[in-house]
Every structure is written in structure tokens, then in C-alpha cells.
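Colleague: What follows is coords-v2.pdb, made up of PDB, C-alpha atoms:
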ATOM      1  CA  MET A1110      13.611 -33.837 -33.280
ATOM      2  CA  PHE A1111      16.991 -34.788 -31.874
ATOM      3  CA  PHE A1112      18.596 -32.731 -29.086
ATOM      4  CA  SER A1113      22.163 -33.197 -28.040
ATOM      5  CA  PRO A1114      22.645 -33.219 -24.225
ATOM      6  CA  ALA A1115      24.073 -29.706 -24.445
ATOM      7  CA  SER A1116      21.008 -28.343 -26.229
ATOM      8  CA  THR A1117      18.700 -30.092 -23.773
ATOM      9  CA  ILE A1118      20.433 -28.320 -20.901
ATOM     10  CA  SER A1119      20.234 -24.985 -22.649
ATOM     11  CA  VAL A1120      16.509 -25.379 -23.374
ATOM     12  CA  ALA A1121      15.817 -26.405 -19.761
ATOM     13  CA  PHE A1122      17.890 -23.463 -18.616
ATOM     14  CA  LEU A1123      15.949 -21.051 -20.827
ATOM     15  CA  ILE A1124      12.639 -22.410 -19.535
ATOM     16  CA  SER A1125      13.769 -22.009 -15.922
ATOM     17  CA  VAL A1126      14.960 -18.468 -16.583
ATOM     18  CA  SER A1127      11.686 -17.501 -18.244
ATOM     19  CA  LEU A1128       9.732 -18.997 -15.334
ATOM     20  CA  ALA A1129      11.901 -17.115 -12.847
ATOM     21  CA  VAL A1130      11.270 -13.869 -14.685
ATOM     22  CA  GLN A1131       7.559 -14.601 -14.922
ATOM     23  CA  PHE A1132       7.106 -15.441 -11.251
ATOM     24  CA  GLY A1133       9.728 -13.017  -9.961
ATOM     25  CA  ALA A1134       7.743 -10.091 -11.304
ATOM     26  CA  ASP A1135       4.735 -11.456  -9.488
ATOM     27  CA  ALA A1136       6.488 -12.408  -6.258
ATOM     28  CA  ALA A1137       4.941 -11.578  -2.904
ATOM     29  CA  GLY A1138       6.477  -8.831  -0.829
ATOM     30  CA  ILE A1139       6.131  -6.516   2.154
ATOM     31  CA  ALA A1140       4.517  -3.079   2.157
ATOM     32  CA  ILE A1141       5.332  -0.594   4.931
ATOM     33  CA  TYR A1142       3.901   2.717   6.110
ATOM     34  CA  TRP A1143       6.485   5.455   6.722
ATOM     35  CA  GLY A1144       6.022   9.060   7.780
ATOM     36  CA  GLN A1145       4.235   9.222  11.117
ATOM     37  CA  ASN A1146       7.228   9.056  13.440
ATOM     38  CA  GLY A1147      10.342  11.183  13.108
ATOM     39  CA  ASN A1148      12.389   8.470  14.863
ATOM     40  CA  GLU A1149      11.972   5.816  12.172
ATOM     41  CA  GLY A1150      14.924   6.757   9.997
ATOM     42  CA  THR A1151      14.890   8.411   6.598
ATOM     43  CA  LEU A1152      12.912   7.266   3.592
ATOM     44  CA  GLU A1153      16.164   6.434   1.820
ATOM     45  CA  GLU A1154      17.285   4.254   4.753
ATOM     46  CA  THR A1155      13.883   2.544   4.761
ATOM     47  CA  CYS A1156      14.267   1.459   1.145
ATOM     48  CA  ALA A1157      17.930   0.556   1.619
ATOM     49  CA  THR A1158      16.960  -2.234   4.051
ATOM     50  CA  GLY A1159      15.853  -4.285   1.054
ATOM     51  CA  ASN A1160      12.870  -5.532   3.082
ATOM     52  CA  TYR A1161      10.083  -3.627   1.360
ATOM     53  CA  GLU A1162       8.485  -3.715  -2.090
ATOM     54  CA  PHE A1163       6.141  -0.800  -1.349
ATOM     55  CA  VAL A1164       6.491   2.221   0.914
ATOM     56  CA  ASN A1165       3.349   4.220   1.700
ATOM     57  CA  LEU A1166       4.055   7.827   2.665
ATOM     58  CA  ALA A1167       1.693   8.642   5.534
ATOM     59  CA  PHE A1168      -0.311  10.872   5.181
ATOM     60  CA  LEU A1169      -2.109  13.504   3.165
ATOM     61  CA  PRO A1170      -4.808  13.965   5.860
ATOM     62  CA  THR A1171      -6.350  17.232   4.646
ATOM     63  CA  PHE A1172      -8.133  17.477   1.287
ATOM     64  CA  GLY A1173     -11.554  17.648  -0.343
ATOM     65  CA  ASN A1174     -14.531  19.954   0.225
ATOM     66  CA  GLY A1175     -12.538  22.931  -1.052
ATOM     67  CA  GLN A1176      -9.836  22.623   1.636
ATOM     68  CA  THR A1177      -6.235  23.402   0.792
ATOM     69  CA  PRO A1178      -4.594  19.950   0.737
ATOM     70  CA  MET A1179      -1.778  19.580   3.256
ATOM     71  CA  ILE A1180       0.649  16.719   3.774
ATOM     72  CA  ASN A1181       1.683  15.638   7.283
ATOM     73  CA  LEU A1182       4.880  13.627   7.699
ATOM     74  CA  ALA A1183       5.146  14.191  11.470
ATOM     75  CA  GLY A1184       8.699  14.963  12.582
ATOM     76  CA  HIS A1185      10.320  14.249   9.225
ATOM     77  CA  CYS A1186       9.791  17.669   7.650
ATOM     78  CA  ASP A1187       7.681  20.829   7.772
ATOM     79  CA  PRO A1188       5.417  21.175   4.732
ATOM     80  CA  TYR A1189       4.424  24.717   5.732
ATOM     81  CA  THR A1190       7.940  25.926   4.871
ATOM     82  CA  ASN A1191       8.316  23.659   1.816
ATOM     83  CA  GLY A1192      10.577  21.587   4.032
ATOM     84  CA  CYS A1193       9.525  18.245   2.526
ATOM     85  CA  THR A1194      10.818  18.900  -0.984
ATOM     86  CA  GLY A1195      14.149  17.401   0.089
ATOM     87  CA  LEU A1196      12.453  13.997   0.104
ATOM     88  CA  SER A1197      12.600  14.017  -3.678
ATOM     89  CA  SER A1198      16.087  12.478  -3.764
ATOM     90  CA  ASP A1199      15.039   9.811  -1.232
ATOM     91  CA  ILE A1200      12.016   8.899  -3.358
ATOM     92  CA  LYS A1201      14.196   8.572  -6.467
ATOM     93  CA  SER A1202      16.691   6.457  -4.523
ATOM     94  CA  CYS A1203      13.877   4.106  -3.468
ATOM     95  CA  GLN A1204      12.535   3.838  -7.006
ATOM     96  CA  ALA A1205      16.011   3.109  -8.340
ATOM     97  CA  LYS A1206      16.038   0.075  -6.025
ATOM     98  CA  GLY A1207      12.705  -1.100  -7.463
ATOM     99  CA  VAL A1208      10.639   0.050  -4.494
ATOM    100  CA  LYS A1209       7.253   1.608  -5.329
ATOM    101  CA  VAL A1210       6.638   4.816  -3.357
ATOM    102  CA  ILE A1211       2.971   5.655  -2.859
ATOM    103  CA  LEU A1212       1.241   8.618  -1.224
ATOM    104  CA  SER A1213      -1.317   7.511   1.362
ATOM    105  CA  ILE A1214      -4.306   9.832   1.620
ATOM    106  CA  GLY A1215      -6.560   9.908   4.671
ATOM    107  CA  GLY A1216      -5.388   8.195   7.835
ATOM    108  CA  GLY A1217      -6.924   7.746  11.261
ATOM    109  CA  ALA A1218      -6.968  11.457  12.094
ATOM    110  CA  GLY A1219      -7.621  14.054   9.450
ATOM    111  CA  SER A1220     -10.054  16.375   7.762
ATOM    112  CA  TYR A1221     -11.061  14.799   4.491
ATOM    113  CA  PHE A1222     -14.175  13.948   2.526
ATOM    114  CA  LEU A1223     -15.456  14.388  -1.004
ATOM    115  CA  THR A1224     -18.652  16.339  -1.564
ATOM    116  CA  SER A1225     -19.296  15.538  -5.226
ATOM    117  CA  LYS A1226     -17.978  13.943  -8.389
ATOM    118  CA  GLU A1227     -16.518  17.341  -9.304
ATOM    119  CA  ASP A1228     -14.783  17.526  -5.915
ATOM    120  CA  ALA A1229     -13.266  14.097  -6.610
ATOM    121  CA  ARG A1230     -12.071  15.317 -10.008
ATOM    122  CA  GLN A1231     -10.417  18.366  -8.454
ATOM    123  CA  VAL A1232      -8.661  16.263  -5.817
ATOM    124  CA  ALA A1233      -7.441  13.861  -8.523
ATOM    125  CA  THR A1234      -6.116  16.822 -10.545
ATOM    126  CA  TYR A1235      -4.336  18.143  -7.465
ATOM    127  CA  LEU A1236      -2.741  14.758  -6.733
ATOM    128  CA  TRP A1237      -1.674  14.351 -10.364
ATOM    129  CA  ASN A1238      -0.087  17.803 -10.571
ATOM    130  CA  ASN A1239       1.555  17.810  -7.145
ATOM    131  CA  PHE A1240       2.660  14.212  -6.542
ATOM    132  CA  LEU A1241       2.323  12.224  -9.765
ATOM    133  CA  GLY A1242       3.246  12.888 -13.391
ATOM    134  CA  GLY A1243       1.686  16.333 -13.800
ATOM    135  CA  SER A1244       3.215  19.703 -13.010
ATOM    136  CA  SER A1245       2.370  22.526 -10.631
ATOM    137  CA  SER A1246       3.141  26.220 -10.943
ATOM    138  CA  THR A1247       3.623  26.332  -7.176
ATOM    139  CA  SER A1248       6.002  24.077  -5.276
ATOM    140  CA  ARG A1249       5.310  20.343  -5.315
ATOM    141  CA  PRO A1250       5.272  19.287  -1.617
ATOM    142  CA  LEU A1251       7.796  16.465  -2.177
ATOM    143  CA  GLY A1252       9.795  18.114  -4.930
ATOM    144  CA  ASP A1253      10.028  16.923  -8.515
ATOM    145  CA  ALA A1254      10.014  13.167  -7.819
ATOM    146  CA  VAL A1255       7.079  11.375  -9.454
ATOM    147  CA  LEU A1256       5.381   8.991  -7.026
ATOM    148  CA  ASP A1257       4.133   5.598  -8.173
ATOM    149  CA  GLY A1258       0.553   5.897  -6.997
ATOM    150  CA  ILE A1259      -2.049   6.780  -4.396
ATOM    151  CA  ASP A1260      -3.125   4.731  -1.381
ATOM    152  CA  PHE A1261      -6.672   5.125  -0.030
ATOM    153  CA  ASP A1262      -6.425   4.841   3.777
ATOM    154  CA  ILE A1263      -9.913   6.196   4.332
ATOM    155  CA  GLU A1264     -11.045   5.807   7.926
ATOM    156  CA  GLY A1265     -13.496   8.670   8.326
ATOM    157  CA  GLY A1266     -15.526  11.369   6.616
ATOM    158  CA  THR A1267     -18.082   9.743   4.329
ATOM    159  CA  ASN A1268     -18.125   6.770   1.966
ATOM    160  CA  LEU A1269     -19.119   8.894  -1.036
ATOM    161  CA  HIS A1270     -17.201   9.544  -4.271
ATOM    162  CA  TRP A1271     -14.101   7.463  -3.522
ATOM    163  CA  ASP A1272     -15.045   5.422  -6.594
ATOM    164  CA  ASP A1273     -15.032   8.652  -8.638
ATOM    165  CA  LEU A1274     -11.597   9.563  -7.280
ATOM    166  CA  ALA A1275     -10.292   6.103  -8.215
ATOM    167  CA  ARG A1276     -11.635   6.460 -11.775
ATOM    168  CA  TYR A1277     -10.112   9.898 -12.281
ATOM    169  CA  LEU A1278      -6.725   8.822 -10.909
ATOM    170  CA  SER A1279      -6.720   5.602 -12.912
ATOM    171  CA  ALA A1280      -7.364   7.557 -16.122
ATOM    172  CA  TYR A1281      -4.021   9.337 -15.675
ATOM    173  CA  SER A1282      -2.262   6.029 -16.358
ATOM    174  CA  LYS A1283      -3.047   6.680 -20.026
ATOM    175  CA  GLN A1284      -0.670   9.645 -19.943
ATOM    176  CA  GLY A1285       2.429   7.493 -19.609
ATOM    177  CA  LYS A1286       3.580   6.097 -16.284
ATOM    178  CA  LYS A1287       1.084   3.790 -14.594
ATOM    179  CA  VAL A1288      -0.638   5.233 -11.523
ATOM    180  CA  TYR A1289      -0.910   2.440  -8.957
ATOM    181  CA  LEU A1290      -4.024   2.491  -6.801
ATOM    182  CA  THR A1291      -3.924   0.795  -3.404
ATOM    183  CA  ALA A1292      -6.209   0.795  -0.376
ATOM    184  CA  ALA A1293      -6.120  -0.116   3.313
ATOM    185  CA  PRO A1294      -9.642  -1.178   4.286
ATOM    186  CA  GLN A1295     -10.574  -2.708   7.649
ATOM    187  CA  CYS A1296     -11.093  -6.487   7.633
ATOM    188  CA  PRO A1297     -14.857  -6.498   8.408
ATOM    189  CA  PHE A1298     -16.438  -6.926   4.975
ATOM    190  CA  PRO A1299     -17.405  -4.796   3.159
ATOM    191  CA  ASP A1300     -15.319  -1.855   4.315
ATOM    192  CA  ALA A1301     -17.528   0.960   5.592
ATOM    193  CA  TRP A1302     -15.599   3.686   3.782
ATOM    194  CA  VAL A1303     -14.117   2.377   0.522
ATOM    195  CA  GLY A1304     -16.182  -0.772   0.014
ATOM    196  CA  GLY A1305     -17.911   0.804  -2.981
ATOM    197  CA  ALA A1306     -14.710   2.123  -4.524
ATOM    198  CA  LEU A1307     -13.066  -1.294  -4.322
ATOM    199  CA  LYS A1308     -15.836  -2.738  -6.488
ATOM    200  CA  THR A1309     -14.585  -0.658  -9.438
ATOM    201  CA  GLY A1310     -11.823  -3.220  -9.983
ATOM    202  CA  LEU A1311      -9.313  -0.383 -10.418
ATOM    203  CA  PHE A1312      -7.177  -1.198  -7.378
ATOM    204  CA  ASP A1313      -3.853  -2.971  -7.795
ATOM    205  CA  ASN A1314      -3.086  -3.820  -4.183
ATOM    206  CA  VAL A1315      -5.493  -3.941  -1.269
ATOM    207  CA  TRP A1316      -3.750  -4.293   2.106
ATOM    208  CA  VAL A1317      -6.550  -5.263   4.438
ATOM    209  CA  GLN A1318      -6.101  -4.214   8.081
ATOM    210  CA  PHE A1319      -6.415  -7.448  10.058
ATOM    211  CA  TYR A1320      -5.957  -5.583  13.337
ATOM    212  CA  ASN A1321      -8.066  -3.476  15.705
ATOM    213  CA  ASN A1322     -10.944  -5.648  14.465
ATOM    214  CA  PRO A1323     -11.234  -8.728  16.753
ATOM    215  CA  PRO A1324     -14.107 -10.383  14.790
ATOM    216  CA  CYS A1325     -11.849 -10.967  11.778
ATOM    217  CA  GLN A1326      -8.319 -11.174  13.143
ATOM    218  CA  TYR A1327      -6.040 -13.948  14.371
ATOM    219  CA  SER A1328      -6.274 -14.684  18.070
ATOM    220  CA  SER A1329      -3.833 -16.873  20.015
ATOM    221  CA  GLY A1330      -3.868 -19.966  17.877
ATOM    222  CA  ASP A1331      -7.347 -19.491  16.403
ATOM    223  CA  LEU A1332      -7.099 -18.957  12.672
ATOM    224  CA  SER A1333     -10.795 -19.279  11.785
ATOM    225  CA  ASN A1334     -11.850 -15.606  11.988
ATOM    226  CA  LEU A1335      -8.913 -14.384   9.926
ATOM    227  CA  GLU A1336      -9.194 -17.200   7.397
ATOM    228  CA  ASN A1337     -12.924 -16.643   6.872
ATOM    229  CA  ALA A1338     -12.422 -12.910   6.347
ATOM    230  CA  TRP A1339      -9.466 -13.555   4.023
ATOM    231  CA  LYS A1340     -11.543 -15.883   1.849
ATOM    232  CA  GLN A1341     -14.253 -13.257   1.521
ATOM    233  CA  TRP A1342     -11.775 -10.554   0.530
ATOM    234  CA  ILE A1343     -10.052 -12.619  -2.139
ATOM    235  CA  SER A1344     -13.323 -13.862  -3.616
ATOM    236  CA  ASP A1345     -15.386 -10.656  -3.536
ATOM    237  CA  ILE A1346     -12.928  -7.858  -4.325
ATOM    238  CA  PRO A1347     -11.715  -7.497  -7.935
ATOM    239  CA  ALA A1348      -8.188  -6.340  -7.061
ATOM    240  CA  THR A1349      -4.931  -7.626  -8.508
ATOM    241  CA  LYS A1350      -3.428  -8.561  -5.126
ATOM    242  CA  ILE A1351      -4.681  -8.767  -1.550
ATOM    243  CA  PHE A1352      -2.194  -8.269   1.306
ATOM    244  CA  LEU A1353      -2.421  -9.300   4.954
ATOM    245  CA  GLY A1354      -2.180  -6.047   6.916
ATOM    246  CA  LEU A1355      -0.601  -6.411  10.374
ATOM    247  CA  PRO A1356       0.933  -4.347  13.183
ATOM    248  CA  ALA A1357       4.732  -4.696  13.255
ATOM    249  CA  ALA A1358       4.730  -4.684  17.084
ATOM    250  CA  PRO A1359       2.188  -5.285  19.870
ATOM    251  CA  ALA A1360       2.238  -1.542  20.647
ATOM    252  CA  ALA A1361       1.459  -0.621  17.021
ATOM    253  CA  ALA A1362      -2.238  -1.461  17.378
ATOM    254  CA  GLY A1363      -4.875  -2.101  19.991
ATOM    255  CA  SER A1364      -5.118  -5.752  18.952
ATOM    256  CA  GLY A1365      -4.178  -8.092  16.147
ATOM    257  CA  PHE A1366      -0.403  -8.506  16.554
ATOM    258  CA  ILE A1367       0.684 -11.967  15.378
ATOM    259  CA  PRO A1368       3.937 -13.402  16.802
ATOM    260  CA  VAL A1369       6.472 -14.264  14.091
ATOM    261  CA  ALA A1370       6.338 -18.007  14.819
ATOM    262  CA  ASP A1371       2.542 -18.080  14.487
ATOM    263  CA  LEU A1372       2.594 -16.024  11.308
ATOM    264  CA  THR A1373       5.186 -18.175   9.558
ATOM    265  CA  SER A1374       3.954 -21.582  10.742
ATOM    266  CA  LYS A1375       0.161 -21.135  10.795
ATOM    267  CA  VAL A1376      -1.191 -17.979   9.193
ATOM    268  CA  LEU A1377       0.862 -17.571   6.011
ATOM    269  CA  PRO A1378       0.648 -21.267   5.037
ATOM    270  CA  ALA A1379      -3.162 -20.957   5.253
ATOM    271  CA  ILE A1380      -3.421 -17.986   2.867
ATOM    272  CA  LYS A1381      -0.378 -18.110   0.584
ATOM    273  CA  GLY A1382      -2.045 -20.544  -1.801
ATOM    274  CA  SER A1383      -4.523 -17.883  -2.924
ATOM    275  CA  PRO A1384      -3.800 -16.645  -6.467
ATOM    276  CA  LYS A1385      -4.490 -13.097  -5.247
ATOM    277  CA  TYR A1386      -2.079 -13.325  -2.290
ATOM    278  CA  GLY A1387       0.309 -10.375  -2.582
ATOM    279  CA  GLY A1388       2.201 -10.429   0.694
ATOM    280  CA  VAL A1389       2.109  -8.618   4.031
ATOM    281  CA  MET A1390       1.562  -4.948   4.869
ATOM    282  CA  LEU A1391       3.015  -3.608   8.117
ATOM    283  CA  TRP A1392       2.179  -0.621  10.277
ATOM    284  CA  SER A1393       4.690   0.949  10.568
ATOM    285  CA  LYS A1394       8.391   1.492   9.907
ATOM    286  CA  TYR A1395       8.892   2.901  13.407
ATOM    287  CA  TYR A1396       7.477  -0.228  15.037
ATOM    288  CA  ASP A1397       9.252  -2.496  12.577
ATOM    289  CA  ASP A1398      12.519  -0.921  13.702
ATOM    290  CA  GLN A1399      11.717  -1.950  17.284
ATOM    291  CA  THR A1400      10.896  -5.586  16.547
ATOM    292  CA  LYS A1401      12.732  -6.327  13.246
ATOM    293  CA  TYR A1402       9.450  -8.000  12.254
ATOM    294  CA  SER A1403       9.922  -7.596   8.502
ATOM    295  CA  SER A1404      13.420  -9.086   8.634
ATOM    296  CA  SER A1405      12.055 -12.061  10.609
ATOM    297  CA  ILE A1406       9.231 -12.825   8.194
ATOM    298  CA  LYS A1407      10.731 -11.773   4.836
ATOM    299  CA  SER A1408      11.836 -15.268   3.773
ATOM    300  CA  SER A1409       8.372 -16.671   4.595
ATOM    301  CA  VAL A1410       6.257 -14.036   2.839
TER     302      VAL A1410
END
Could you render the structure as C-alpha cells?

Modeller:
Amino acid sequence: MFFSPASTISVAFLISVSLAVQFGADAAGIAIYWGQNGNEGTLEETCATGNYEFVNLAFLPTFGNGQTPMINLAGHCDPYTNGCTGLSSDIKSCQAKGVKVILSIGGGAGSYFLTSKEDARQVATYLWNNFLGGSSSTSRPLGDAVLDGIDFDIEGGTNLHWDDLARYLSAYSKQGKKVYLTAAPQCPFPDAWVGGALKTGLFDNVWVQFYNNPPCQYSSGDLSNLENAWKQWISDIPATKIFLGLPAAPAAAGSGFIPVADLTSKVLPAIKGSPKYGGVMLWSKYYDDQTKYSSSIKSSV
């Protein structure tokens, strides 16, 4: 078949556009935790930076075992007086910019565990009706905005029934809008709390915490521990994307901070070739504000 030069250009152009669309939708990005420091700016401002693809609202630290679930967003708002419903407009603003807003359940300090499969089902129903696409006769803690998913930041309690919770939440995706499932396990493999749940293959993004765990984190020029742990995570966990979870400042964690120059010149080049590489997760927006870490690494992620 004969192509004139003009048609050849147009075909090449169409191919490049389709490739850009294909890979753009799959591009790596940065996830951030927001909510545990009242001095980190508003949620709307966080999304307006343009630095983040995902914002995890931290945390829902009380749920399960018949407890009344209660959100805790530190100094941002008071859930006991329905003071967090005003976040609804911020959430919608973020989503309008293409940022996924996810509720993180658990956290380092909380009262949460699941006692049975039925308990997991009840928690899933609560999350669906109060934060996702369902409806609640009482006030939804964050107003009428529909969040994009649930993040499992389970760092205590027991390791039971998180797989059941994942299955129940995932099933709600059939009711319309997809419910994203993400998790923040520690880098020692398998994770002590959600290791079993991650085997379900239901998780979209797993941002592994490569900090506060010296045996599997980067240490002053030595990449081997981190690289070995990374390889195990990407080969043994059936998730869509695996993220490198890092502190955004030295003060954000006990150990594991990676200087920008080391991250961009040594660490990221060693892991970015993985098909499951999804990007970098940072703890947290407050610390990122201090160091401008996300702005410094964004073009390299």
C-alpha cells in the first residue's frame, strides 16, 4: 500500500498518541498521607500542588469488634461534632484534578481488629455506607463525597480476617464505581499483619514501608537490602502496582530516609524497570512541606 508523506506522518502521529494514552494511564506517581498534622495545609491545597496521584486520608483508627468507628484527622477537624463534613468539597476538588482520595484504616496507634468474618462484613458495610458509594441515615463523617477506596495500614491488633474485609470491599466495585484497595505493609516479608490479605490478589496498589525496618531498607550507599526486599515483593505479591514507601524527611521516621540524590541516582534506577513499579509513597504531607521532597523527586519517579 502506498502512503503519501502526509499520511505517513499522520499514522506515526496517531501511533504516538495512542502510546502516550496507553502509558500515561499507567504512569508512575507519588502517593502521600495527609491528616495527622493540622499544620500541613488543607486537603484541597495538597491536591493543588500537582505532585500527588493518590492522597491517603489518615486515619480511621477505631473500628471492628463492635466498636463505634471513629475517624481521626488530628487538628484538621473534629469528627465528634460532625466537623469533618466540610472536607467533602476538598475531596471533590482533588478528584476533579484526577487525584484518587483514599481512606486509610488502622495506623500506628489505634483500637482496631476484626473478630470474625461477620465482623469484617459489618466493617465493610460501614465503610461502604459512610465513605464510599453507599448511603447512611446518619451523617457521613466526610460529607457526601464518595472516596475512591480504602487503604489497609494495619500495624496492630491481629492478622485475622483482613482478607475477608478485602473481599467484601472489592465486591462493592460491582455496584458501579470501582473501589480501590491499597495497603501499607512493612518491608520485612511477609507482612505480619496483612500478609495473608495481600495474597488474595485484590489489592491495586501496595506501598511498602521501606523505613523503620533496617534489615530491608537503604542504608548510606548500600542498596542490597532494599533491592532484595523489593524483588521479593514484586515477585510474590499479586498486586497491580508496588510502590516504594519512604519518609519525606529524616524526622518523619526512626530510620530509612533516603537523600534525594541517592534516590534519583541509585535507588529508583534499580527498581523502576519492574513491570509492577508504581511509584513512591511518602509519609507525610507535613514532612513533605518541610523538605519539598516530592517536588525534588517528581520528575524522576

Colleague: Could you tell me how far atom CA of Pro1170 of chain A lies from atom CA of Thr1400 of chain A, in Å and to one decimal?

Modeller: 27.3 Å

Colleague: Of the residues A:Ala1275, A:Val1255, A:Ile1343, A:Cys1203, which is the one nearest to Pro1299 of chain A, using all atoms listed in the file?

Modeller: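 Result for the nearest residue to Pro1299 of chain A: A:Ile1343.
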
Colleague: Need to verify the contact set: Ser1245 of chain A, 9 Å, all atoms listed in the file, exclusion of same-chain residues closer than 5 positions in sequence. Can you return it as a list in words?

Modeller: Tyr1235, Asn1238 and Asn1239 of chain A

Colleague: Can you translate the PyMOL selection byres ((chain A and resi 1193) around 10) into the concrete residues it hits in this file, as number ranges by chain?

Modeller: A: 1180-1182, 1185-1192, 1194-1197, 1249-1252

Colleague: Neighbours of Thr1309 of chain A within 10 Å (all atoms listed in the file; same-chain residues fewer than 6 positions away dropped), as a list in words?

Modeller: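 My reading of the contact set: Asp1272, Asp1273, Ala1275, Arg1276, Ile1346, Pro1347 and Ala1348 of chain A.
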
Colleague: From the set A:Pro1297, A:Gly1184, A:Gly1243, A:Pro1368, which residue has the shortest atom-to-atom contact distance to Pro1324 of chain A, counting all atoms listed in the file?

Modeller: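 Closest candidate: A:Pro1297.
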
Colleague: Could you check how far atom CA of Ala1229 of chain A sits from atom CA of Lys1350 of chain A, in Å to one decimal?

Modeller: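 Pair atom CA of Ala1229 of chain A / atom CA of Lys1350 of chain A returns 24.7 Å.
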
Colleague: Take atom CA of Tyr1277 of chain A and atom CA of Thr1234 of chain A and report the distance between them in Å, one decimal.

Modeller: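 Between atom CA of Tyr1277 of chain A and atom CA of Thr1234 of chain A the gap works out to 8.2 Å.
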
Colleague: Select, from A:Ala1218, A:Leu1274, A:Ala1136, A:Ala1292, the residue with the minimum atom-to-atom distance to Thr1171 of chain A, counting all atoms listed in the file.

Modeller: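 For Thr1171 of chain A, the nearest of the candidates is A:Ala1218.
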
Colleague: Evaluating the PyMOL selection byres ((chain A and resi 1262) around 8) on the displayed file yields which residues, as a PyMOL selection string?

Modeller: chain A and resi 1213-1216+1260-1261+1263-1264+1292-1294

Colleague: Keeping C-alpha atoms, export the residues of the selection given above as a CSV table (one decimal), in the frame of the given file.

Modeller:
chain,number,residue,atom,x,y,z
A,1213,SER,CA,-1.3,7.5,1.4
A,1214,ILE,CA,-4.3,9.8,1.6
A,1215,GLY,CA,-6.6,9.9,4.7
A,1216,GLY,CA,-5.4,8.2,7.8
A,1260,ASP,CA,-3.1,4.7,-1.4
A,1261,PHE,CA,-6.7,5.1,0.0
A,1263,ILE,CA,-9.9,6.2,4.3
A,1264,GLU,CA,-11.0,5.8,7.9
A,1292,ALA,CA,-6.2,0.8,-0.4
A,1293,ALA,CA,-6.1,-0.1,3.3
A,1294,PRO,CA,-9.6,-1.2,4.3

Colleague: Translate the PyMOL selection byres ((chain A and resi 1396) around 8), as applied to the file shown, into an explicit residue set as a list in words.

Modeller: Pro1356, Ala1357, Ala1358, Ala1360, Ala1361, Trp1392, Ser1393, Lys1394, Tyr1395, Asp1397, Asp1398, Gln1399 and Thr1400 of chain A

Colleague: Using all atoms listed in the file, what table do you get, as CSV, when you list each residue of segment 1281-1315 of chain A with an atom no more than 10 Å from segment 1378-1389 of chain A, its nearest pair of atoms, and their distance in Å rounded to one decimal, rows by chain then rising number?

Modeller:
residue,atom,partner,partner_atom,distance
A:Asp1313,CA,A:Gly1387,CA,10.0
A:Asn1314,CA,A:Gly1387,CA,7.6
A:Val1315,CA,A:Gly1387,CA,8.8

Colleague: Smallest atom-to-atom distance to Thr1224 of chain A: which of A:Lys1407, A:His1270, A:Lys1283, A:Lys1308, using only C-alpha atoms?

Modeller: A:His1270

Colleague: Of the candidates A:Gln1284, A:Gln1318, A:Ser1248, A:Thr1349, which one gets nearest to Leu1335 of chain A if we count only C-alpha atoms?

Modeller: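 Answer, going by the shortest atom-to-atom distance: A:Gln1318.
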
Colleague: Supply segment 1208-1220 of chain A as a compact mmCIF listing (two decimals), in the frame of the given file, with N, CA, C and O atoms built in where the input has gaps.

Modeller:
# COMPACT_ATOMS: atom_id res chain seq x y z
N VAL A 1208 11.70 -0.11 -5.49
CA VAL A 1208 10.64 0.05 -4.49
C VAL A 1208 9.61 1.05 -5.01
O VAL A 1208 9.95 2.14 -5.48
N LYS A 1209 8.33 0.70 -4.94
CA LYS A 1209 7.25 1.61 -5.33
C LYS A 1209 6.94 2.52 -4.14
O LYS A 1209 6.74 2.06 -3.02
N VAL A 1210 6.92 3.83 -4.41
CA VAL A 1210 6.64 4.82 -3.36
C VAL A 1210 5.27 5.44 -3.64
O VAL A 1210 5.04 5.99 -4.72
N ILE A 1211 4.38 5.32 -2.67
CA ILE A 1211 2.97 5.66 -2.86
C ILE A 1211 2.53 6.66 -1.79
O ILE A 1211 2.92 6.54 -0.63
N LEU A 1212 1.76 7.65 -2.19
CA LEU A 1212 1.24 8.62 -1.22
C LEU A 1212 -0.06 8.08 -0.63
O LEU A 1212 -1.01 7.79 -1.35
N SER A 1213 -0.11 7.98 0.69
CA SER A 1213 -1.32 7.51 1.36
C SER A 1213 -2.16 8.72 1.77
O SER A 1213 -1.69 9.60 2.48
N ILE A 1214 -3.40 8.74 1.28
CA ILE A 1214 -4.31 9.83 1.62
C ILE A 1214 -5.30 9.36 2.68
O ILE A 1214 -5.73 8.22 2.69
N GLY A 1215 -5.62 10.26 3.60
CA GLY A 1215 -6.56 9.91 4.67
C GLY A 1215 -5.85 9.70 5.99
O GLY A 1215 -5.19 10.60 6.51
N GLY A 1216 -5.98 8.49 6.54
CA GLY A 1216 -5.39 8.20 7.84
C GLY A 1216 -6.43 8.23 8.94
O GLY A 1216 -7.59 8.59 8.72
N GLY A 1217 -6.00 7.85 10.13
CA GLY A 1217 -6.92 7.75 11.26
C GLY A 1217 -7.38 9.08 11.82
O GLY A 1217 -8.41 9.17 12.47
N ALA A 1218 -6.59 10.14 11.57
CA ALA A 1218 -6.97 11.46 12.09
C ALA A 1218 -6.73 12.48 11.00
O ALA A 1218 -5.60 12.71 10.60
N GLY A 1219 -7.79 13.07 10.51
CA GLY A 1219 -7.62 14.05 9.45
C GLY A 1219 -8.92 14.75 9.15
O GLY A 1219 -9.95 14.50 9.79
N SER A 1220 -8.86 15.65 8.18
CA SER A 1220 -10.05 16.38 7.76
C SER A 1220 -10.20 16.15 6.27
O SER A 1220 -9.60 16.85 5.46
